[in-house]
$ cat my_file12.cif   # mmCIF, C-alpha atoms
data_my_file
loop_
_atom_site.group_PDB
_atom_site.id
_atom_site.type_symbol
_atom_site.label_atom_id
_atom_site.label_comp_id
_atom_site.auth_asym_id
_atom_site.auth_seq_id
_atom_site.Cartn_x
_atom_site.Cartn_y
_atom_site.Cartn_z
ATOM 1 C CA MET A 1 2.642 31.873 -16.719
ATOM 2 C CA ALA A 2 3.223 33.302 -13.250
ATOM 3 C CA ASP A 3 6.171 35.505 -14.269
ATOM 4 C CA CYS A 4 4.525 36.846 -17.456
ATOM 5 C CA THR A 5 5.130 40.576 -18.044
ATOM 6 C CA TYR A 6 2.447 40.708 -20.776
ATOM 7 C CA ASP A 7 5.006 42.357 -23.056
ATOM 8 C CA CYS A 8 5.217 39.929 -25.984
ATOM 9 C CA SER A 9 7.713 42.116 -27.853
ATOM 10 C CA SER A 10 10.498 41.238 -25.404
ATOM 11 C CA CYS A 11 9.517 37.621 -24.775
ATOM 12 C CA GLY A 12 10.704 34.557 -26.648
ATOM 13 C CA VAL A 13 8.236 32.094 -25.106
ATOM 14 C CA ASP A 14 5.611 30.688 -27.455
ATOM 15 C CA CYS A 15 2.597 30.599 -25.161
ATOM 16 C CA SER A 16 -1.150 30.456 -25.775
ATOM 17 C CA SER A 17 -1.621 34.158 -25.002
ATOM 18 C CA ARG A 18 0.517 35.232 -27.933
ATOM 19 C CA ARG A 19 -1.331 36.406 -31.026
ATOM 20 C CA ALA A 20 -0.037 36.255 -34.592
ATOM 21 C CA GLU A 21 -0.200 40.067 -34.708
ATOM 22 C CA ASP A 22 2.396 40.267 -31.916
ATOM 23 C CA PHE A 23 5.126 39.060 -34.302
ATOM 24 C CA LEU A 24 4.307 41.336 -37.246
ATOM 25 C CA LYS A 25 6.806 44.026 -38.204
ATOM 26 C CA LYS A 26 5.853 47.343 -39.742
ATOM 27 C CA PRO A 27 7.340 48.202 -43.136
ATOM 28 C CA HIS A 28 9.429 51.342 -43.556
ATOM 29 C CA ARG A 29 7.313 54.436 -42.916
ATOM 30 C CA LEU A 30 7.778 55.528 -46.548
ATOM 31 C CA SER A 31 6.820 52.158 -48.038
ATOM 32 C CA LYS A 32 3.465 51.679 -49.723
ATOM 33 C CA ILE A 33 2.534 48.065 -50.526
ATOM 34 C CA LYS A 34 -0.944 46.806 -51.407
ATOM 35 C CA HIS A 35 -0.398 43.034 -51.602
ATOM 36 C CA VAL A 36 2.395 40.715 -50.420
ATOM 37 C CA VAL A 37 2.726 37.194 -51.824
ATOM 38 C CA ALA A 38 5.375 34.636 -50.819
ATOM 39 C CA VAL A 39 6.593 32.154 -53.436
ATOM 40 C CA VAL A 40 7.595 28.955 -51.658
ATOM 41 C CA SER A 41 8.769 25.408 -52.325
ATOM 42 C CA GLY A 42 9.399 22.407 -50.131
ATOM 43 C CA LYS A 43 12.724 21.611 -51.796
ATOM 44 C CA GLY A 44 15.306 23.264 -54.002
ATOM 45 C CA GLY A 45 15.712 22.832 -57.748
ATOM 46 C CA VAL A 46 12.047 23.140 -58.718
ATOM 47 C CA GLY A 47 12.393 26.585 -60.331
ATOM 48 C CA LYS A 48 10.929 28.661 -57.508
ATOM 49 C CA SER A 49 13.016 31.782 -58.226
ATOM 50 C CA MET A 50 12.297 31.542 -61.946
ATOM 51 C CA THR A 51 8.572 31.279 -61.210
ATOM 52 C CA CYS A 52 8.689 34.212 -58.778
ATOM 53 C CA ALA A 53 10.526 36.438 -61.254
ATOM 54 C CA SER A 54 8.237 35.371 -64.110
ATOM 55 C CA LEU A 55 5.168 36.256 -62.031
ATOM 56 C CA ALA A 56 6.694 39.685 -61.419
ATOM 57 C CA VAL A 57 7.198 40.158 -65.166
ATOM 58 C CA GLU A 58 3.621 39.077 -65.920
ATOM 59 C CA ALA A 59 2.331 41.512 -63.269
ATOM 60 C CA ALA A 60 4.405 44.362 -64.701
ATOM 61 C CA ARG A 61 2.999 43.615 -68.165
ATOM 62 C CA ARG A 62 -0.447 44.340 -66.700
ATOM 63 C CA GLY A 63 0.715 47.825 -65.750
ATOM 64 C CA LEU A 64 1.097 47.018 -62.053
ATOM 65 C CA ASN A 65 3.892 48.412 -59.890
ATOM 66 C CA VAL A 66 5.832 45.337 -58.798
ATOM 67 C CA GLY A 67 8.615 44.468 -56.368
ATOM 68 C CA VAL A 68 10.606 41.305 -55.685
ATOM 69 C CA MET A 69 12.221 40.629 -52.313
ATOM 70 C CA ASP A 70 14.878 37.932 -52.709
ATOM 71 C CA ALA A 71 14.722 36.258 -49.294
ATOM 72 C CA ASP A 72 16.995 33.385 -50.378
ATOM 73 C CA LEU A 73 20.093 35.058 -48.898
ATOM 74 C CA THR A 74 22.525 32.184 -49.379
ATOM 75 C CA GLY A 75 21.415 31.444 -52.949
ATOM 76 C CA PRO A 76 20.243 34.761 -54.425
ATOM 77 C CA SER A 77 19.504 34.572 -58.147
ATOM 78 C CA VAL A 78 16.809 37.182 -58.839
ATOM 79 C CA PRO A 79 19.111 40.144 -59.681
ATOM 80 C CA ARG A 80 20.991 38.084 -62.290
ATOM 81 C CA MET A 81 17.737 37.213 -64.072
ATOM 82 C CA PHE A 82 16.923 40.900 -64.431
ATOM 83 C CA GLY A 83 20.425 41.958 -65.395
ATOM 84 C CA LEU A 84 20.964 43.898 -62.157
ATOM 85 C CA HIS A 85 24.601 44.139 -61.086
ATOM 86 C CA ASP A 86 24.858 47.551 -59.373
ATOM 87 C CA ARG A 87 24.854 47.770 -55.588
ATOM 88 C CA ALA A 88 21.744 49.004 -53.780
ATOM 89 C CA MET A 89 21.966 52.551 -52.457
ATOM 90 C CA GLY A 90 20.618 54.020 -49.241
ATOM 91 C CA SER A 91 21.035 56.320 -46.284
ATOM 92 C CA GLU A 92 21.393 55.885 -42.523
ATOM 93 C CA ASP A 93 17.781 54.856 -42.013
ATOM 94 C CA ALA A 94 16.697 53.329 -45.343
ATOM 95 C CA ILE A 95 17.746 51.240 -48.334
ATOM 96 C CA LEU A 96 16.486 51.846 -51.853
ATOM 97 C CA PRO A 97 15.802 48.775 -54.002
ATOM 98 C CA CYS A 98 17.400 48.516 -57.426
ATOM 99 C CA VAL A 99 15.043 49.005 -60.369
ATOM 100 C CA THR A 100 15.005 46.999 -63.606
ATOM 101 C CA LYS A 101 15.570 48.923 -66.831
ATOM 102 C CA GLU A 102 12.676 47.678 -68.938
ATOM 103 C CA MET A 103 9.715 47.430 -66.566
ATOM 104 C CA GLY A 104 10.805 49.297 -63.448
ATOM 105 C CA ILE A 105 10.468 46.241 -61.181
ATOM 106 C CA GLN A 106 11.895 47.028 -57.727
ATOM 107 C CA VAL A 107 14.332 44.374 -56.484
ATOM 108 C CA MET A 108 16.128 43.853 -53.175
ATOM 109 C CA SER A 109 18.577 40.983 -52.775
ATOM 110 C CA MET A 110 21.663 40.087 -50.790
ATOM 111 C CA ASN A 111 23.631 40.106 -54.042
ATOM 112 C CA LEU A 112 22.876 43.818 -54.384
ATOM 113 C CA LEU A 113 24.676 44.459 -51.087
ATOM 114 C CA LEU A 114 27.780 42.315 -51.591
ATOM 115 C CA GLU A 115 31.020 43.769 -52.922
ATOM 116 C CA ASN A 116 31.353 40.819 -55.319
ATOM 117 C CA GLU A 117 28.397 38.850 -56.671
ATOM 118 C CA ASP A 118 30.090 35.490 -56.063
ATOM 119 C CA ASP A 119 30.993 36.194 -52.408
ATOM 120 C CA PRO A 120 29.374 33.501 -50.217
ATOM 121 C CA VAL A 121 27.045 34.421 -47.361
ATOM 122 C CA VAL A 122 28.342 32.186 -44.560
ATOM 123 C CA TRP A 123 25.965 33.192 -41.774
ATOM 124 C CA ARG A 124 24.026 31.394 -39.086
ATOM 125 C CA GLY A 125 20.243 31.283 -39.121
ATOM 126 C CA SER A 126 19.543 34.148 -36.716
ATOM 127 C CA LEU A 127 21.628 36.624 -38.730
ATOM 128 C CA ILE A 128 20.019 35.517 -41.996
ATOM 129 C CA SER A 129 16.523 35.850 -40.513
ATOM 130 C CA GLY A 130 17.338 39.299 -39.153
ATOM 131 C CA THR A 131 18.543 40.488 -42.552
ATOM 132 C CA VAL A 132 15.381 39.244 -44.276
ATOM 133 C CA THR A 133 13.327 41.176 -41.720
ATOM 134 C CA GLN A 134 15.361 44.288 -42.561
ATOM 135 C CA PHE A 135 14.455 43.830 -46.229
ATOM 136 C CA TRP A 136 10.913 44.551 -45.019
ATOM 137 C CA THR A 137 11.498 47.191 -42.319
ATOM 138 C CA ASP A 138 14.453 49.141 -43.763
ATOM 139 C CA VAL A 139 13.804 49.085 -47.512
ATOM 140 C CA ILE A 140 11.573 51.735 -49.072
ATOM 141 C CA TRP A 141 9.187 49.860 -51.373
ATOM 142 C CA GLN A 142 7.609 52.657 -53.380
ATOM 143 C CA GLY A 143 3.942 52.474 -54.368
ATOM 144 C CA LEU A 144 3.749 48.720 -55.007
ATOM 145 C CA ASP A 145 0.585 46.990 -56.135
ATOM 146 C CA ILE A 146 2.209 43.658 -55.313
ATOM 147 C CA LEU A 147 5.434 42.503 -53.654
ATOM 148 C CA PHE A 148 6.595 38.958 -54.406
ATOM 149 C CA ILE A 149 8.916 37.346 -51.862
ATOM 150 C CA ASP A 150 11.225 34.662 -53.253
ATOM 151 C CA MET A 151 11.651 32.316 -50.295
ATOM 152 C CA PRO A 152 14.431 29.794 -49.699
ATOM 153 C CA PRO A 153 13.248 26.175 -50.004
ATOM 154 C CA GLY A 154 11.965 24.252 -47.014
ATOM 155 C CA THR A 155 10.279 25.180 -43.740
ATOM 156 C CA GLY A 156 13.237 26.532 -41.754
ATOM 157 C CA ASP A 157 14.255 29.831 -40.157
ATOM 158 C CA VAL A 158 13.613 32.230 -43.037
ATOM 159 C CA PRO A 159 10.166 30.915 -44.078
ATOM 160 C CA LEU A 160 9.134 30.972 -40.409
ATOM 161 C CA THR A 161 10.453 34.538 -40.026
ATOM 162 C CA VAL A 162 8.637 35.743 -43.146
ATOM 163 C CA PHE A 163 5.368 34.018 -42.218
ATOM 164 C CA GLN A 164 5.463 35.510 -38.716
ATOM 165 C CA SER A 165 6.966 38.963 -39.376
ATOM 166 C CA ILE A 166 5.445 40.090 -42.674
ATOM 167 C CA PRO A 167 1.668 40.481 -43.228
ATOM 168 C CA LEU A 168 1.292 38.099 -46.164
ATOM 169 C CA ASP A 169 -1.839 38.048 -48.280
ATOM 170 C CA GLY A 170 -0.997 34.494 -49.267
ATOM 171 C CA ALA A 171 1.540 32.134 -50.800
ATOM 172 C CA VAL A 172 2.175 30.411 -54.121
ATOM 173 C CA VAL A 173 3.679 26.915 -54.021
ATOM 174 C CA VAL A 174 6.062 25.774 -56.768
ATOM 175 C CA THR A 175 6.449 22.068 -57.479
ATOM 176 C CA THR A 176 7.397 19.579 -60.224
ATOM 177 C CA PRO A 177 5.510 16.512 -61.563
ATOM 178 C CA GLN A 178 7.284 13.769 -59.569
ATOM 179 C CA ASP A 179 5.136 11.913 -57.013
ATOM 180 C CA LEU A 180 7.816 12.394 -54.336
ATOM 181 C CA VAL A 181 7.337 16.160 -54.527
ATOM 182 C CA GLY A 182 3.685 15.772 -53.502
ATOM 183 C CA MET A 183 4.781 14.888 -49.973
ATOM 184 C CA ILE A 184 7.060 17.960 -49.892
ATOM 185 C CA VAL A 185 4.203 20.188 -51.077
ATOM 186 C CA ALA A 186 2.082 18.916 -48.196
ATOM 187 C CA LYS A 187 4.746 20.131 -45.746
ATOM 188 C CA CYS A 188 4.597 23.653 -47.248
ATOM 189 C CA VAL A 189 0.809 23.699 -47.193
ATOM 190 C CA ASN A 190 0.675 22.459 -43.601
ATOM 191 C CA MET A 191 3.190 25.086 -42.489
ATOM 192 C CA ALA A 192 1.144 27.823 -44.161
ATOM 193 C CA ASP A 193 -1.979 26.503 -42.404
ATOM 194 C CA MET A 194 -0.165 26.643 -39.063
ATOM 195 C CA MET A 195 0.748 30.290 -39.750
ATOM 196 C CA ASN A 196 -2.764 31.151 -41.042
ATOM 197 C CA VAL A 197 -1.378 32.063 -44.475
ATOM 198 C CA PRO A 198 -3.705 31.063 -47.344
ATOM 199 C CA ILE A 199 -2.273 29.127 -50.288
ATOM 200 C CA LEU A 200 -3.431 31.109 -53.320
ATOM 201 C CA GLY A 201 -2.123 28.817 -56.025
ATOM 202 C CA ILE A 202 0.269 26.108 -57.097
ATOM 203 C CA VAL A 203 2.608 26.166 -60.099
ATOM 204 C CA GLU A 204 3.914 22.908 -61.539
ATOM 205 C CA ASN A 205 7.223 23.819 -63.166
ATOM 206 C CA MET A 206 8.892 21.613 -65.808
ATOM 207 C CA SER A 207 5.454 20.112 -66.314
ATOM 208 C CA TYR A 208 6.021 19.157 -69.968
ATOM 209 C CA VAL A 209 8.009 19.944 -73.101
ATOM 210 C CA LYS A 210 6.702 20.478 -76.611
ATOM 211 C CA CYS A 211 8.398 18.678 -79.480
ATOM 212 C CA PRO A 212 9.959 21.363 -81.723
ATOM 213 C CA CYS A 213 8.983 19.362 -84.823
ATOM 214 C CA CYS A 214 5.389 18.280 -84.252
ATOM 215 C CA GLU A 215 4.519 20.172 -81.015
ATOM 216 C CA ALA A 216 3.511 16.945 -79.303
ATOM 217 C CA VAL A 217 3.403 17.306 -75.499
ATOM 218 C CA ILE A 218 5.984 15.119 -73.746
ATOM 219 C CA ASN A 219 5.824 14.535 -69.980
ATOM 220 C CA VAL A 220 9.577 14.375 -69.388
ATOM 221 C CA PHE A 221 9.357 14.052 -65.602
ATOM 222 C CA GLY A 222 6.226 11.924 -65.447
ATOM 223 C CA GLN A 223 2.506 12.551 -65.544
ATOM 224 C CA SER A 224 1.322 15.853 -64.104
ATOM 225 C CA SER A 225 0.045 15.674 -60.524
ATOM 226 C CA VAL A 226 -0.817 19.332 -59.965
ATOM 227 C CA ASP A 227 -4.579 18.913 -60.464
ATOM 228 C CA ALA A 228 -4.739 16.171 -57.836
ATOM 229 C CA LEU A 229 -2.564 18.186 -55.425
ATOM 230 C CA ALA A 230 -4.726 21.288 -55.829
ATOM 231 C CA LEU A 231 -7.910 19.256 -55.269
ATOM 232 C CA GLU A 232 -6.465 17.499 -52.221
ATOM 233 C CA HIS A 233 -5.417 20.733 -50.512
ATOM 234 C CA GLY A 234 -8.219 22.978 -51.756
ATOM 235 C CA ILE A 235 -5.878 25.270 -53.705
ATOM 236 C CA PRO A 236 -7.862 27.521 -56.096
ATOM 237 C CA CYS A 237 -5.347 28.427 -58.824
ATOM 238 C CA ILE A 238 -3.024 26.150 -60.790
ATOM 239 C CA ALA A 239 -0.540 26.576 -63.631
ATOM 240 C CA LYS A 240 1.648 24.240 -65.652
ATOM 241 C CA MET A 241 4.952 25.728 -66.811
ATOM 242 C CA PRO A 242 6.787 23.943 -69.637
ATOM 243 C CA VAL A 243 10.478 23.193 -69.961
ATOM 244 C CA ASP A 244 11.384 26.211 -72.096
ATOM 245 C CA PRO A 245 15.012 26.679 -73.223
ATOM 246 C CA ALA A 246 14.208 30.227 -74.372
ATOM 247 C CA LEU A 247 13.049 31.146 -70.868
ATOM 248 C CA ALA A 248 16.240 29.728 -69.348
ATOM 249 C CA THR A 249 18.350 31.678 -71.839
ATOM 250 C CA SER A 250 16.501 34.909 -71.010
ATOM 251 C CA ALA A 251 17.191 34.394 -67.307
ATOM 252 C CA ASP A 252 20.845 33.458 -67.819
ATOM 253 C CA THR A 253 21.461 36.579 -69.910
ATOM 254 C CA GLY A 254 19.603 38.949 -67.583
ATOM 255 C CA LYS A 255 16.762 39.530 -70.045
ATOM 256 C CA LEU A 256 13.852 37.890 -68.261
ATOM 257 C CA GLU A 257 11.696 40.966 -68.898
ATOM 258 C CA GLU A 258 11.752 40.029 -72.589
ATOM 259 C CA ALA A 259 10.680 36.412 -71.965
ATOM 260 C CA ASP A 260 7.329 34.828 -72.835
ATOM 261 C CA THR A 261 5.234 34.523 -69.670
ATOM 262 C CA SER A 262 1.935 33.720 -71.385
ATOM 263 C CA TYR A 263 1.752 30.339 -69.613
ATOM 264 C CA LEU A 264 1.162 32.283 -66.369
ATOM 265 C CA ARG A 265 -1.514 34.594 -67.792
ATOM 266 C CA GLU A 266 -4.587 32.664 -66.668
ATOM 267 C CA PHE A 267 -2.928 31.742 -63.368
ATOM 268 C CA PHE A 268 -2.155 35.395 -62.617
ATOM 269 C CA ASP A 269 -5.759 36.388 -63.335
ATOM 270 C CA GLY A 270 -6.912 33.849 -60.751
ATOM 271 C CA LEU A 271 -4.243 34.995 -58.311
ATOM 272 C CA MET A 272 -5.415 38.618 -58.468
ATOM 273 C CA LYS A 273 -9.036 37.528 -57.954
ATOM 274 C CA GLU A 274 -8.024 35.651 -54.806
ATOM 275 C CA LEU A 275 -6.071 38.678 -53.537
ATOM 276 C CA GLU A 276 -8.998 41.035 -54.118
ATOM 277 C CA LYS A 277 -11.344 38.536 -52.453
ATOM 278 C CA GLY A 278 -9.025 38.446 -49.440
ATOM 279 C CA SER A 279 -8.856 42.257 -49.315
ATOM 280 C CA LYS A 280 -12.652 42.505 -49.231
ATOM 281 C CA GLY A 281 -12.722 39.939 -46.431
ATOM 282 C CA LYS A 282 -10.249 41.980 -44.368
ATOM 283 C CA ASP A 283 -12.282 45.146 -44.923
ATOM 284 C CA THR A 284 -15.410 43.347 -43.708
ATOM 285 C CA GLU A 285 -13.588 42.134 -40.582
ATOM 286 C CA LYS A 286 -12.441 45.689 -39.776
ATOM 287 C CA LYS A 287 -15.997 47.038 -40.136
ATOM 288 C CA GLU A 288 -17.336 44.310 -37.835
ATOM 289 C CA GLU A 289 -14.634 45.114 -35.251
ATOM 290 C CA ASN A 290 -15.591 48.808 -35.340
#

$ encode --input "my_file12.cif" --output "structure tokens"
Amino acid sequence: MADCTYDCSSCGVDCSSRRAEDFLKKPHRLSKIKHVVAVVSGKGGVGKSMTCASLAVEAARRGLNVGVMDADLTGPSVPRMFGLHDRAMGSEDAILPCVTKEMGIQVMSMNLLLENEDDPVVWRGSLISGTVTQFWTDVIWQGLDILFIDMPPGTGDVPLTVFQSIPLDGAVVVTTPQDLVGMIVAKCVNMADMMNVPILGIVENMSYVKCPCCEAVINVFGQSSVDALALEHGIPCIAKMPVDPALATSADTGKLEEADTSYLREFFDGLMKELEKGSKGKDTEKKEEN
């Protein structure tokens, strides 16, 4: 462009000279975060927040320092699952996340900033996106091995902001067995490809239920499609989460840290392998650049 100032930080034009790095924001100077993983879904109601929080619990059970950023500002549910009701504290230049009692999981959510938990957040997209960015730049995430970001459903303002502003190591897609959801998953995967964010795994929630009498597996919402989806999109890790009333009760009562997350054990192992593989790849790239 003839009138280009070559200062991408003050320009809103999406031109070919812009690099992905130009959009990235630095975390707070006191934050220390090893890995960042977004948990996404193409539509609401598939159990994305439950999956995100359960992954955090499984990670904490491995002895990892874990954080959860609740980026779903208009429908925040993560604090309730962990029994967090106090407001987040901070100073003029930083916010401290709330910490869960049992496992010390660091959590930042809009509900931790509101005077009343049931106050609605009636904001336009730009204000919501700006606040999510502040959850990255103004919050002190202390010594995290992994930060999970619970994204709002879809491919709108907030997912775009997170993909562009935060250096993600990858994303986990949450889906359900219905065939219709396969099309929605493709939208998430294609958006991640556009943003050069690798899809690390896919979790099929509400995949089945076990009969309490004979333990027969019942496909309540139809035959599982997660294997075919993973094969189609080249996604390395998959998990099938059952319909589990005990898990729902744990979340509703703020005791998710006590819930059974064994169904995510093998998936989490694969997830960590993919993250370490990606870290080695980045280290190699830096050496080649030098």

$ closest_residue --input "my_file12.cif" --among "A:Met69, A:Val203, A:Met191, A:Val243" --to "Leu271 (chain A)" --atoms "all atoms listed in the file"
A:Val203

$ resolve_selection --input "my_file12.cif" --expression "the PyMOL selection byres ((chain A and resi 170) around 9)" --output "list of chain:residue names"
A:His35, A:Val36, A:Val37, A:Ala38, A:Val39, A:Pro167, A:Leu168, A:Asp169, A:Ala171, A:Val172, A:Ala192, A:Val197, A:Pro198, A:Ile199, A:Leu200, A:Gly201, A:Leu275, A:Gly278

$ atom_distance --input "my_file12.cif" --atom1 "CA of Met272 (chain A)" --atom2 "CA of Val173 (chain A)"
15.5 Å

$ residues_around --input "my_file12.cif" --residues "Asn219 (chain A)" --least-positions-apart "6" --cutoff "7 Å" --atoms "all atoms listed in the file" --output "PDB file with C-alpha atoms, in the frame of the given file"
ATOM      1  CA  SER A 207       5.454  20.112 -66.314  1.00  0.00           C
ATOM      2  CA  TYR A 208       6.021  19.157 -69.968  1.00  0.00           C
ATOM      3  CA  VAL A 209       8.009  19.944 -73.101  1.00  0.00           C
TER       4      VAL A 209
END

$ closest_residue --input "my_file12.cif" --among "A:Ala186, A:Ala88, A:Met50, A:Val122" --to "Phe135 (chain A)" --atoms "only C-alpha atoms"
A:Ala88

$ resolve_selection --input "my_file12.cif" --expression "the PyMOL selection byres ((chain A and resi 108-114) around 7)" --output "ChimeraX atom specification"
/A:68-70,73,76,79,85-88,97-98,106-107,115-117,119

$ closest_residue --input "my_file12.cif" --among "A:Asp193, A:Ile146, A:Ser91, A:Ser41" --to "Phe268 (chain A)" --atoms "all atoms listed in the file"
A:Ile146

$ atom_distance --input "my_file12.cif" --atom1 "CA of Leu144 (chain A)" --atom2 "CA of Asp269 (chain A)"
17.7 Å

$ residues_around --input "my_file12.cif" --residues "Val46 (chain A)" --least-positions-apart "5" --cutoff "7 Å" --atoms "all atoms listed in the file" --output "list in words"
Val174, Thr175, Thr176 and Asn205 of chain A

$ atom_distance --input "my_file12.cif" --atom1 "CA of Cys52 (chain A)" --atom2 "CA of Leu147 (chain A)"
10.3 Å

$ resolve_selection --input "my_file12.cif" --expression "the PyMOL selection byres ((chain A and resi 228) around 12)" --output "list in words"
Pro177, Asp179, Gly182, Val185, Ile202, Glu204, Gln223, Ser224, Ser225, Val226, Asp227, Leu229, Ala230, Leu231, Glu232, His233, Gly234, Ile235, Pro236 and Ile238 of chain A

$ closest_residue --input "my_file12.cif" --among "A:Val132, A:Val189, A:Leu264, A:Ala53" --to "Arg80 (chain A)" --atoms "only C-alpha atoms"
A:Ala53

$ closest_residue --input "my_file12.cif" --among "A:Ala56, A:Thr74, A:Pro153, A:Val217" --to "Pro120 (chain A)" --atoms "only C-alpha atoms"
A:Thr74
